[in-house]
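Novice: What follows is a single structure, and I will ask about it in a moment.
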Amino acid sequence: MILLAKDLRSMSGSELDTLFRGSPAGPIPVGRTRGTAILFAGSWFGRLLSVMIRVLFWKGKIFRPQSGDLKNRVGPLGWRLIRAAVSEGDSWFADGPAVILDYSQTSFLARKIRDEIRLVSPGLYLGVVYWGKRRIARFTLESDDQGEGRLAGFTKAVGVVTLATLLIGGAYVAIRLADDRPVTYALDEDHFKYGSTGGERGFGKQLGFGIPYWMWVALPELFPEYLPDGQTGVGYRAFGMIYEPDRDPRLELPIGMSMRRVQGIDRVYFNCAVCHTGTVRAAPGEPAEIVLGMPANTFDLGALAGFLGRAATDWRFRSDRMLPKIEELARLQQELTLSGDRYQPQPLDALDRAIFRYVGIALMREQLLTLTSRLAFMDMTTWGPGRVDTFNPPKALLGFPMEKAPERELVGNADLPSVWNQRWKQGMQLHWDGNNTSVDERNLSAAFGTGATPTTLDKDKVLRVAAWLWDKAQPPDFPEPFIDRELAARGKPVYQQYCWSCHGNREPPYRTEGDGGLVGTVTPIAEIGTDRARLDSYTRLLAVAQNSLYAGFPADEAHCRDRPGDLERCYPARFSHFRKTYGYANLPLDGLWLRAPYLHNGSVPTLYDLLEPAENRPEVFHIGYDVYDYQDVGFVSFGPDAERQGWRYDTRERGNGNGGHDYGTLLAPDLKEALIEYLKTF
Ligand code: HEC
Ligand code: HEC
C-alpha cells in the first residue's frame with residue numbers, strides 16, 4: 001500500500017510508532033521537501049495545529065547532499081534558516097539505522113534538537129523530534145520538486161498577516177499584563193490618604209487582588225438593601241468611610257482607598273488611612289475635621305466586610321446585572337465634571353467589557369466568597385466602628401484550623417490606635433499587647449494586612465508612608481478655648497506622680513533618663529486588669545508563624561549594613577520581632593484626646609470615665625459618632641444623635657469588658673479635674 005502524507009496525519013500516535021519501527025532508514029533525501037508537524041496525533045486539534053504551523057512557522061527542509069546538511073524553511077515566507085548535519089546513524093527510537101538530522105553543532109537555538117527520519121512510503125519520510133533525550137513531536141517530509149504550488153502566494157500572505165496579528169496581539173497582552181501604575185501624589189498627606197501600598201497587584205495566578213474600580217462603585221448602587229442605611233448615591237458613607245467634601249461619593253474614592261492600574265484594569269484597595277484617619281466635629285451640623293493618623297473612629301470594617309460578603313452571595317452578583325450599572329455610572333461620569341486634577345478611570349472599552357463579562361466579575365465574586373468564608377469563624381458584627389479583630393484574620397489566612405481554636409482566642413477585638421510620632425516609638429513594645437518592638441515590622445505587618453506581600457509590596461510607597469509617620473505626622477492640638485491652662489498646670493504633678501512612670505512624657509521623647517523605663521514595656525495582665533480577650537487572641541503559635549513567614553526574603557545583612565538606602569534589597573521583608581506577651585503595653589499618650597474611646601478595646605468613652613472606678617464607668621454607650629465632648633474628653637456617646645449615628649457598645653459582651661486600669665480612680669475630684677485638663681494638652 002502506498003501511504004500519503006495525509007494518511008499519516010489521521011493515524012494515532014501508536015500507529016505512527018509502529019510504522020516508524022517497521023520502516024527502513026531509506027536514502028538521505030535530496031533537495032526541497034515539504035514538512036508537516038504532527039502534534040496530538042490523530043486529533044482534529046492536532047490537524048488544525050499542523051496547518052497553523054505550516055502557514056506560520058515551518059514549511060519543510062532543503063537537503064544539500066554536497067555539504068551533507070540541510071536548512072529549514074521557516075516563517076510565513078519560508079526563509080532558509082537553522083542548519084542541521086545530516087547522516088545515517090543508529091536510531092534512538094527504534095532498532096536499526098535512521099537518517100539523523102543533528103542540530104547540536106550547527107545551531108545555537110536548536111542545539112538540543114535531534115530528528116530521526118525513516119522512509120515509510122516512496123518519497124515520504126516519517127520523523128521523530130528529540131529535545132535532549134525527550135521525544136517531543138513527529139513530522140512528515142515529502143519531496144516537493146514542483147516548487148511553489150498555486151496557493152503558495154496566498155498562503156504566504158495569510159501567514160504574514162496572521163503572524164503580524166499574533167505579534168501585535170501578543171505585545172498588547174504582554175504590555176497589559178505588565179501594566180502596573182499606581183495613582184501617585186505629590187503631597188505626603190495625599191499619599192497617605194489615597195496612595196497605594198501594592199495590595200492591588202495580587203500575586204501570580206490571582207490576576208490582581210484589588211477590587212476593580214468599576215465594581216467598587218457599582219456595588220452600593222446594586223445592593224442598597226445590604227447597606228446599613230439603604231441609601232444609594234453616597235458611596236460607602238454608611239460604613240463611616242470619609243469622603244472629602246470636594247469628592248463625589250458615587251464615583252470618587254473615600255479616604256483609605258487607593259487606586260492602581262494593574263493588567264489594564266483600574267483597581268482599588270485599602271491603605272493605611274482607612275484604619276488610621278478619623279474625623280472630629282465641634283457640634284452636630286458642624287463640618288467634620290479630618291485628622292490623618294488618628295484612629296478611624298467612624299469606620300466600621302466589620303460592617304463593610306459583611307456587605308461585600310452578602311453581595312457576593314447574592315445571585316445578582318453577575319455580569320448581566322453589574323455591567324448595565326457600570327455603564328450607567330460611566331455615563332454619569334461623562335455628564336459630571338469631576339476634577340481633572342485627580343485621576344478618573346476611563347470607562348470600560350469593548351475588550352474590558354468582555355473581560356468583565358466572561359471572567360472578571362465571576363473571579364471577583366469567587367475571591368470575595370473565599371475570603372468571607374475563611375473569616376466566617378469571626379462575628380464581624382461584634383467589631384463596630386473604630387475596631388477590628390487584629391490577629392484572628394491573619395491566623396485564618398495563614399491556614400490555622402480556626403474551627404479547632406480554643407474559645408478564649410476567638411475574640412480579639414481591638415480599638416484602632418493612632419500612628420503619629422513613630423520615630424519615638426522605635427524599640428518600644430507596641431501593638432496593644434506589646435507584641436512587636438520594631439516600627440518597620442509594625443508597618444510591614446500592617447501593609448501585609450492591606451493585601452501586600454513581599455512579592456507585591458510597593459516598598460517605595462510603604463516607606464513613604466513610614467517616613468511621614470516617623471515624625472512629620474502630628475496630632476492636632478486640643479482646641480485652646482476649651483483648655484484652662486492654669487488648671488492644666490496643676491494637673492501636671494498629679495500626672496507625674498500617678499501616670500508618668502508608665503506613660504512617659506507629654507511630648508517626644510516620651511522616655512527620659514530616670515523615668516523608671518516603663519514606657520513601651522508591658523504591664524502584666526494580673527496587674528493592669530483590663531479585658532484579656534485581645535491578649536489571648538494573640539498566641540505563641542501565631543508569633544512563631546509570623547516570624548517564619550517569607551523565609552525566602554531575608555534582608556542580606558552583610559550587604560545592607562552600609563547601604564541603608566538600598567530599598568529593593570534591604571527593606572525588611574520578613575519578621576523576627578513578634579513575641580507572645582502576657583499583658584498590655586504602657587503606651588505614650590500623644591494626641592490622647594482623639595484616641596477615644598479608651599483602652600485597647602475602646603470600652604471607656606471618655607477620660608472622665610477612665611478616672612472613675614470600673615463599676616461607675618458606663619455599661620452601655622454609643623461609639624462611632626464624631627461630635628466631641630470637650631468637657632469629659634472623648635466623643636459624645638449618649639443622647640439621640642449618638643444613638644442614631646453610632647453603634648451600641650455593650651461592655652458586658654465578650655472582649656468588651658471595661659474593668660481594670662484603676663490608676664487615678666481614687667483621686668479627689670479636684671485633682672481628677674486638673675489631671676484631665678493636663679491630659680488635654682497631650
Ligand atoms: C484594617 C485596619 C488597619 C489598616 C488598613 C492598617 N492598620 Fe495599622 N493598626 C491597626 C490595628 C487594629 C492596630 C492595633 C493592633 C493591635 O495591637 O491589636 C494597628 C497598629 C498599627 C501600628 C502600631 C501602633 C501602636 O502604637 O501600637 C502602626 C505603626 C500601624 N498600625 C501602622 C500602619 C500602617 C503603616 C499601615 C499601612 C501600611 C496600617 N497601619 C494599616 C489597623 C490597621
Ligand atoms: C502601671 C502602668 C500604668 C500606669 C501607672 C498608668 N497606666 Fe494608663 N495604661 C497602662 C496600660 C498597660 C494601658 C493599656 C491597657 C489596655 O488598653 O488594656 C493604659 C492605657 C491608658 C489609656 C488609654 C490609651 C488609649 O489610647 O486608649 C489612658 C488614657 C491612660 N492609660 C491614662 C492613664 C492615666 C491618666 C494614668 C494615671 C492616672 C495612667 N494611665 C496610669 C498602664 C498604666
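For the C-alpha cells, the naming scheme is as follows: chains receive sequential letters (A, B, ...) according to their order of presentation, residues are indexed from 1 within each chain, and ligands are indexed from 1 in presentation order.
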Please provide as a VMD selection string all residues within 6 Å of A:Gly159, with the sequence filter that same-chain residues fewer than 5 positions apart are discarded (counting only C-alpha atoms).
Specialist: chain A and resid 55 to 56 76
Novice: For the selection just defined, write its residues with C-alpha atoms to a file, as a tab-separated table (two decimals), in the first residue's frame.
Specialist:
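For reference, again_28.tsv as written:
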```
chain	number	residue	atom	x	y	z
A	55	VAL	CA	1.42	28.61	7.43
A	56	LEU	CA	3.25	30.47	10.16
A	76	PRO	CA	5.48	32.60	6.73
```
Novice: Please identify all polymer residues within 6 Å of stretch 433-443 of chain A, counting only C-alpha atoms, omitting same-chain residues fewer than 2 positions from it, and present them as a PyMOL selection string.
Specialist: chain A and resi 426-431+445-446+577-580+583-585
Novice: What does the list of residues within 7 Å of ligand 1 look like if you count only C-alpha atoms and all ligand atoms, written as an mmCIF file with N, CA and C atoms, in the first residue's frame?
Specialist:
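Final file, part-v3.cif:
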```cif
data_model
loop_
_atom_site.group_PDB
_atom_site.id
_atom_site.type_symbol
_atom_site.label_atom_id
_atom_site.label_comp_id
_atom_site.auth_asym_id
_atom_site.auth_seq_id
_atom_site.Cartn_x
_atom_site.Cartn_y
_atom_site.Cartn_z
ATOM 1 N N THR A 197 -0.207 50.861 48.501
ATOM 2 C CA THR A 197 0.943 50.149 49.065
ATOM 3 C C THR A 197 1.197 48.850 48.302
ATOM 4 N N PHE A 270 -7.660 48.838 50.064
ATOM 5 C CA PHE A 270 -7.480 49.600 51.290
ATOM 6 C C PHE A 270 -6.033 50.019 51.462
ATOM 7 N N ASN A 271 -5.820 51.166 52.073
ATOM 8 C CA ASN A 271 -4.461 51.504 52.500
ATOM 9 C C ASN A 271 -4.512 51.861 53.991
ATOM 10 N N CYS A 272 -3.383 52.369 54.494
ATOM 11 C CA CYS A 272 -3.269 52.593 55.940
ATOM 12 C C CYS A 272 -4.339 53.544 56.466
ATOM 13 N N ALA A 273 -4.700 54.538 55.634
ATOM 14 C CA ALA A 273 -5.577 55.598 56.133
ATOM 15 C C ALA A 273 -6.983 55.104 56.429
ATOM 16 N N VAL A 274 -7.368 53.978 55.859
ATOM 17 C CA VAL A 274 -8.738 53.522 56.097
ATOM 18 C C VAL A 274 -8.940 53.231 57.588
ATOM 19 N N CYS A 275 -7.895 52.773 58.256
ATOM 20 C CA CYS A 275 -7.980 52.494 59.690
ATOM 21 C C CYS A 275 -7.313 53.572 60.538
ATOM 22 N N HIS A 276 -6.530 54.429 59.900
ATOM 23 C CA HIS A 276 -5.757 55.388 60.681
ATOM 24 C C HIS A 276 -6.065 56.846 60.318
ATOM 25 N N ARG A 387 -13.091 49.674 65.369
ATOM 26 C CA ARG A 387 -12.488 48.480 65.962
ATOM 27 C C ARG A 387 -12.365 47.367 64.925
ATOM 28 N N VAL A 388 -11.327 46.570 65.060
ATOM 29 C CA VAL A 388 -11.205 45.356 64.249
ATOM 30 C C VAL A 388 -10.598 44.259 65.118
ATOM 31 N N ASP A 389 -10.753 43.032 64.655
ATOM 32 C CA ASP A 389 -10.026 41.943 65.277
ATOM 33 C C ASP A 389 -8.693 41.863 64.542
ATOM 34 N N THR A 390 -7.612 42.238 65.235
ATOM 35 C CA THR A 390 -6.339 42.380 64.540
ATOM 36 C C THR A 390 -5.745 41.039 64.137
ATOM 37 N N PHE A 391 -5.688 40.097 65.037
ATOM 38 C CA PHE A 391 -4.823 38.950 64.793
ATOM 39 C C PHE A 391 -5.537 37.630 64.506
ATOM 40 N N ALA A 414 -10.010 44.905 68.813
ATOM 41 C CA ALA A 414 -9.128 45.960 69.298
ATOM 42 C C ALA A 414 -9.565 47.299 68.745
ATOM 43 N N ASP A 415 -9.446 48.316 69.570
ATOM 44 C CA ASP A 415 -9.701 49.685 69.154
ATOM 45 C C ASP A 415 -8.573 50.091 68.213
ATOM 46 N N LEU A 416 -8.888 50.833 67.165
ATOM 47 C CA LEU A 416 -7.822 51.261 66.266
ATOM 48 C C LEU A 416 -6.935 52.266 67.000
ATOM 49 N N PRO A 417 -5.618 52.147 66.861
ATOM 50 C CA PRO A 417 -4.721 53.073 67.543
ATOM 51 C C PRO A 417 -4.380 54.273 66.659
ATOM 52 N N SER A 418 -3.743 55.260 67.254
ATOM 53 C CA SER A 418 -3.184 56.361 66.464
ATOM 54 C C SER A 418 -1.778 55.958 66.027
ATOM 55 N N VAL A 419 -1.271 56.596 64.981
ATOM 56 C CA VAL A 419 0.043 56.176 64.473
ATOM 57 C C VAL A 419 1.031 57.335 64.309
ATOM 58 N N GLN A 422 6.101 57.936 65.144
ATOM 59 C CA GLN A 422 6.703 56.604 65.181
ATOM 60 C C GLN A 422 8.181 56.635 65.574
ATOM 61 N N LEU A 430 5.127 47.677 71.234
ATOM 62 C CA LEU A 430 3.806 48.218 70.915
ATOM 63 C C LEU A 430 2.960 47.215 70.165
ATOM 64 N N HIS A 431 1.830 47.712 69.638
ATOM 65 C CA HIS A 431 0.615 46.974 69.432
ATOM 66 C C HIS A 431 0.052 46.900 70.854
ATOM 67 N N TRP A 432 -1.218 46.715 70.967
ATOM 68 C CA TRP A 432 -1.830 46.847 72.290
ATOM 69 C C TRP A 432 -1.180 45.931 73.326
ATOM 70 N N ASP A 433 -0.820 44.727 72.901
ATOM 71 C CA ASP A 433 -0.216 43.805 73.861
ATOM 72 C C ASP A 433 1.302 43.856 73.814
ATOM 73 N N VAL A 439 9.346 49.326 64.617
ATOM 74 C CA VAL A 439 8.417 50.169 63.851
ATOM 75 C C VAL A 439 8.266 49.621 62.437
ATOM 76 N N ARG A 442 6.024 46.684 62.456
ATOM 77 C CA ARG A 442 4.620 47.022 62.695
ATOM 78 C C ARG A 442 4.011 47.604 61.418
ATOM 79 N N ASN A 443 4.794 48.441 60.713
ATOM 80 C CA ASN A 443 4.298 48.980 59.452
ATOM 81 C C ASN A 443 4.079 47.863 58.443
ATOM 82 N N LEU A 444 5.075 46.982 58.385
ATOM 83 C CA LEU A 444 5.049 45.924 57.386
ATOM 84 C C LEU A 444 3.897 44.958 57.624
ATOM 85 N N ALA A 446 1.236 45.631 59.000
ATOM 86 C CA ALA A 446 0.032 46.362 58.609
ATOM 87 C C ALA A 446 -0.102 46.380 57.096
ATOM 88 N N ALA A 447 1.031 46.571 56.417
ATOM 89 C CA ALA A 447 0.979 46.597 54.948
ATOM 90 C C ALA A 447 0.515 45.249 54.421
ATOM 91 N N GLY A 449 -1.417 43.447 55.934
ATOM 92 C CA GLY A 449 -2.856 43.489 56.200
ATOM 93 C C GLY A 449 -3.627 44.206 55.114
ATOM 94 N N THR A 450 -2.952 45.096 54.379
ATOM 95 C CA THR A 450 -3.634 45.772 53.273
ATOM 96 C C THR A 450 -3.472 44.983 51.987
ATOM 97 N N VAL A 462 5.284 52.212 50.641
ATOM 98 C CA VAL A 462 5.112 51.965 52.068
ATOM 99 C C VAL A 462 6.109 52.806 52.853
ATOM 100 N N VAL A 465 5.028 56.300 53.350
ATOM 101 C CA VAL A 465 4.097 56.407 54.479
ATOM 102 C C VAL A 465 4.880 56.341 55.783
ATOM 103 N N ALA A 466 5.779 55.350 55.859
ATOM 104 C CA ALA A 466 6.545 55.156 57.092
ATOM 105 C C ALA A 466 7.344 56.411 57.424
#
```
Novice: Counting only C-alpha atoms and all ligand atoms, what are the residues, protein, DNA or RNA alike, that approach ligand 2 to within 6 Å? I want them as number ranges by chain.
Specialist: A: 495, 498-499, 502, 523, 528, 530, 584-586, 595, 598-600, 663-664
Novice: Could you please determine the separation between atom CA of A:Tyr538 and atom CA of A:Ala573 in Å, to one decimal place?
Specialist: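 The value is 21.2 Å.
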Novice: If DSSP is run on the backbone, what residues of stretch 104-168 of chain A are strand (DSSP E)? A reply as a ChimeraX atom specification would be ideal.
Specialist: /A:113-121,124-131,134-143
Novice: Let me see the file: selected residues, N, CA and C atoms, as a PDB file, in the first residue's frame.
Specialist:
```pdb
ATOM      1  N   ILE A 113      18.080  19.851  19.653  1.00  0.00           N
ATOM      2  CA  ILE A 113      17.160  19.071  18.808  1.00  0.00           C
ATOM      3  C   ILE A 113      17.918  18.031  17.981  1.00  0.00           C
ATOM      4  N   ARG A 114      17.305  16.890  17.896  1.00  0.00           N
ATOM      5  CA  ARG A 114      17.817  15.834  17.022  1.00  0.00           C
ATOM      6  C   ARG A 114      16.588  15.160  16.413  1.00  0.00           C
ATOM      7  N   ASP A 115      16.591  15.110  15.075  1.00  0.00           N
ATOM      8  CA  ASP A 115      15.484  14.434  14.404  1.00  0.00           C
ATOM      9  C   ASP A 115      15.989  13.103  13.849  1.00  0.00           C
ATOM     10  N   GLU A 116      15.077  12.154  13.778  1.00  0.00           N
ATOM     11  CA  GLU A 116      15.374  10.906  13.071  1.00  0.00           C
ATOM     12  C   GLU A 116      14.272  10.731  12.046  1.00  0.00           C
ATOM     13  N   ILE A 117      14.653  10.351  10.803  1.00  0.00           N
ATOM     14  CA  ILE A 117      13.593  10.091   9.814  1.00  0.00           C
ATOM     15  C   ILE A 117      13.800   8.719   9.182  1.00  0.00           C
ATOM     16  N   ARG A 118      12.669   8.117   8.823  1.00  0.00           N
ATOM     17  CA  ARG A 118      12.709   6.849   8.082  1.00  0.00           C
ATOM     18  C   ARG A 118      11.731   6.937   6.931  1.00  0.00           C
ATOM     19  N   LEU A 119      12.044   6.190   5.862  1.00  0.00           N
ATOM     20  CA  LEU A 119      11.221   6.214   4.659  1.00  0.00           C
ATOM     21  C   LEU A 119      10.030   5.275   4.856  1.00  0.00           C
ATOM     22  N   VAL A 120       8.825   5.833   4.877  1.00  0.00           N
ATOM     23  CA  VAL A 120       7.665   4.981   5.133  1.00  0.00           C
ATOM     24  C   VAL A 120       6.894   4.659   3.857  1.00  0.00           C
ATOM     25  N   SER A 121       7.197   5.352   2.783  1.00  0.00           N
ATOM     26  CA  SER A 121       6.484   5.153   1.519  1.00  0.00           C
ATOM     27  C   SER A 121       7.339   5.879   0.496  1.00  0.00           C
ATOM     28  N   LEU A 124       8.185   9.606   0.921  1.00  0.00           N
ATOM     29  CA  LEU A 124       7.556  10.108   2.156  1.00  0.00           C
ATOM     30  C   LEU A 124       8.316   9.598   3.379  1.00  0.00           C
ATOM     31  N   TYR A 125       8.778  10.545   4.187  1.00  0.00           N
ATOM     32  CA  TYR A 125       9.502  10.192   5.403  1.00  0.00           C
ATOM     33  C   TYR A 125       8.662  10.530   6.630  1.00  0.00           C
ATOM     34  N   LEU A 126       8.808   9.676   7.652  1.00  0.00           N
ATOM     35  CA  LEU A 126       8.208   9.995   8.951  1.00  0.00           C
ATOM     36  C   LEU A 126       9.347  10.334   9.905  1.00  0.00           C
ATOM     37  N   GLY A 127       9.198  11.409  10.651  1.00  0.00           N
ATOM     38  CA  GLY A 127      10.285  11.830  11.536  1.00  0.00           C
ATOM     39  C   GLY A 127       9.849  11.908  12.996  1.00  0.00           C
ATOM     40  N   VAL A 128      10.808  11.711  13.885  1.00  0.00           N
ATOM     41  CA  VAL A 128      10.546  11.988  15.299  1.00  0.00           C
ATOM     42  C   VAL A 128      11.537  13.046  15.755  1.00  0.00           C
ATOM     43  N   VAL A 129      11.093  13.887  16.667  1.00  0.00           N
ATOM     44  CA  VAL A 129      11.917  15.006  17.135  1.00  0.00           C
ATOM     45  C   VAL A 129      12.282  14.769  18.593  1.00  0.00           C
ATOM     46  N   TYR A 130      13.564  14.878  18.892  1.00  0.00           N
ATOM     47  CA  TYR A 130      14.019  14.816  20.282  1.00  0.00           C
ATOM     48  C   TYR A 130      14.457  16.201  20.740  1.00  0.00           C
ATOM     49  N   TRP A 131      14.112  16.535  21.962  1.00  0.00           N
ATOM     50  CA  TRP A 131      14.668  17.738  22.619  1.00  0.00           C
ATOM     51  C   TRP A 131      15.471  17.177  23.773  1.00  0.00           C
ATOM     52  N   ARG A 134      14.352  13.766  25.264  1.00  0.00           N
ATOM     53  CA  ARG A 134      12.898  13.574  25.262  1.00  0.00           C
ATOM     54  C   ARG A 134      12.328  13.678  23.867  1.00  0.00           C
ATOM     55  N   ARG A 135      11.440  12.742  23.568  1.00  0.00           N
ATOM     56  CA  ARG A 135      10.784  12.802  22.274  1.00  0.00           C
ATOM     57  C   ARG A 135       9.616  13.774  22.409  1.00  0.00           C
ATOM     58  N   ILE A 136       9.592  14.794  21.567  1.00  0.00           N
ATOM     59  CA  ILE A 136       8.573  15.818  21.790  1.00  0.00           C
ATOM     60  C   ILE A 136       7.566  15.932  20.655  1.00  0.00           C
ATOM     61  N   ALA A 137       7.890  15.448  19.462  1.00  0.00           N
ATOM     62  CA  ALA A 137       6.941  15.637  18.363  1.00  0.00           C
ATOM     63  C   ALA A 137       7.279  14.696  17.205  1.00  0.00           C
ATOM     64  N   ARG A 138       6.384  14.673  16.226  1.00  0.00           N
ATOM     65  CA  ARG A 138       6.621  13.913  14.988  1.00  0.00           C
ATOM     66  C   ARG A 138       6.377  14.843  13.813  1.00  0.00           C
ATOM     67  N   PHE A 139       6.887  14.414  12.644  1.00  0.00           N
ATOM     68  CA  PHE A 139       6.602  15.212  11.444  1.00  0.00           C
ATOM     69  C   PHE A 139       6.718  14.321  10.217  1.00  0.00           C
ATOM     70  N   THR A 140       6.224  14.809   9.120  1.00  0.00           N
ATOM     71  CA  THR A 140       6.419  14.099   7.846  1.00  0.00           C
ATOM     72  C   THR A 140       7.188  15.010   6.902  1.00  0.00           C
ATOM     73  N   LEU A 141       7.909  14.364   5.978  1.00  0.00           N
ATOM     74  CA  LEU A 141       8.598  15.104   4.914  1.00  0.00           C
ATOM     75  C   LEU A 141       8.234  14.441   3.589  1.00  0.00           C
ATOM     76  N   GLU A 142       7.825  15.253   2.615  1.00  0.00           N
ATOM     77  CA  GLU A 142       7.576  14.711   1.276  1.00  0.00           C
ATOM     78  C   GLU A 142       8.460  15.477   0.325  1.00  0.00           C
ATOM     79  N   SER A 143       8.928  14.777  -0.712  1.00  0.00           N
ATOM     80  CA  SER A 143       9.727  15.541  -1.680  1.00  0.00           C
ATOM     81  C   SER A 143       8.792  16.509  -2.377  1.00  0.00           C
TER      82      SER A 143
END
```
Novice: If I take atom CA of A:Phe307 and atom CA of A:Phe377, how far is one from the other in Å, to one decimal?
Specialist: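 Result for atom CA of A:Phe307 versus atom CA of A:Phe377: 16.5 Å, one decimal.
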Novice: Using atom CA of A:Phe635 and atom CA of A:Trp647 as the two end points, give the distance in Å to one decimal.
Specialist: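 About the pair atom CA of A:Phe635 and atom CA of A:Trp647: they are 12.5 Å apart.
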Novice: Between A:Asn392, A:Thr184, A:Asn616, A:Gln66, which is the closest to A:Leu666 once you count only C-alpha atoms?
Specialist: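 For A:Leu666, the nearest of the candidates is A:Asn616.
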Novice: Would you list the contacts of A:Leu109 as a list in words, taking every protein, DNA or RNA residue within 12 Å and counting only C-alpha atoms, but skipping same-chain residues closer than 6 positions in sequence?
Specialist: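 Counting only C-alpha atoms, the residues come to Leu81, Ile82, Arg83, Ala84, Tyr103 and Trp131 of chain A.
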Novice: Save out the residues we just selected, N, CA and C atoms, as a PDB file, in the first residue's frame.
Specialist:
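As a result, result_20.pdb now contains:
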```pdb
ATOM      1  N   LEU A  81      16.695  28.899   7.077  1.00  0.00           N
ATOM      2  CA  LEU A  81      17.415  29.153   8.328  1.00  0.00           C
ATOM      3  C   LEU A  81      17.582  27.842   9.086  1.00  0.00           C
ATOM      4  N   ILE A  82      18.355  27.860  10.103  1.00  0.00           N
ATOM      5  CA  ILE A  82      18.540  26.754  11.045  1.00  0.00           C
ATOM      6  C   ILE A  82      19.041  25.487  10.344  1.00  0.00           C
ATOM      7  N   ARG A  83      20.362  25.331  10.425  1.00  0.00           N
ATOM      8  CA  ARG A  83      21.044  24.257   9.703  1.00  0.00           C
ATOM      9  C   ARG A  83      21.162  23.032  10.600  1.00  0.00           C
ATOM     10  N   ALA A  84      21.163  21.837   9.960  1.00  0.00           N
ATOM     11  CA  ALA A  84      21.432  20.604  10.713  1.00  0.00           C
ATOM     12  C   ALA A  84      22.358  19.731   9.880  1.00  0.00           C
ATOM     13  N   TYR A 103      21.275  18.892  15.127  1.00  0.00           N
ATOM     14  CA  TYR A 103      21.431  20.350  15.213  1.00  0.00           C
ATOM     15  C   TYR A 103      22.496  20.766  16.212  1.00  0.00           C
ATOM     16  N   TRP A 131      14.112  16.535  21.962  1.00  0.00           N
ATOM     17  CA  TRP A 131      14.668  17.738  22.619  1.00  0.00           C
ATOM     18  C   TRP A 131      15.471  17.177  23.773  1.00  0.00           C
TER      19      TRP A 131
END
```
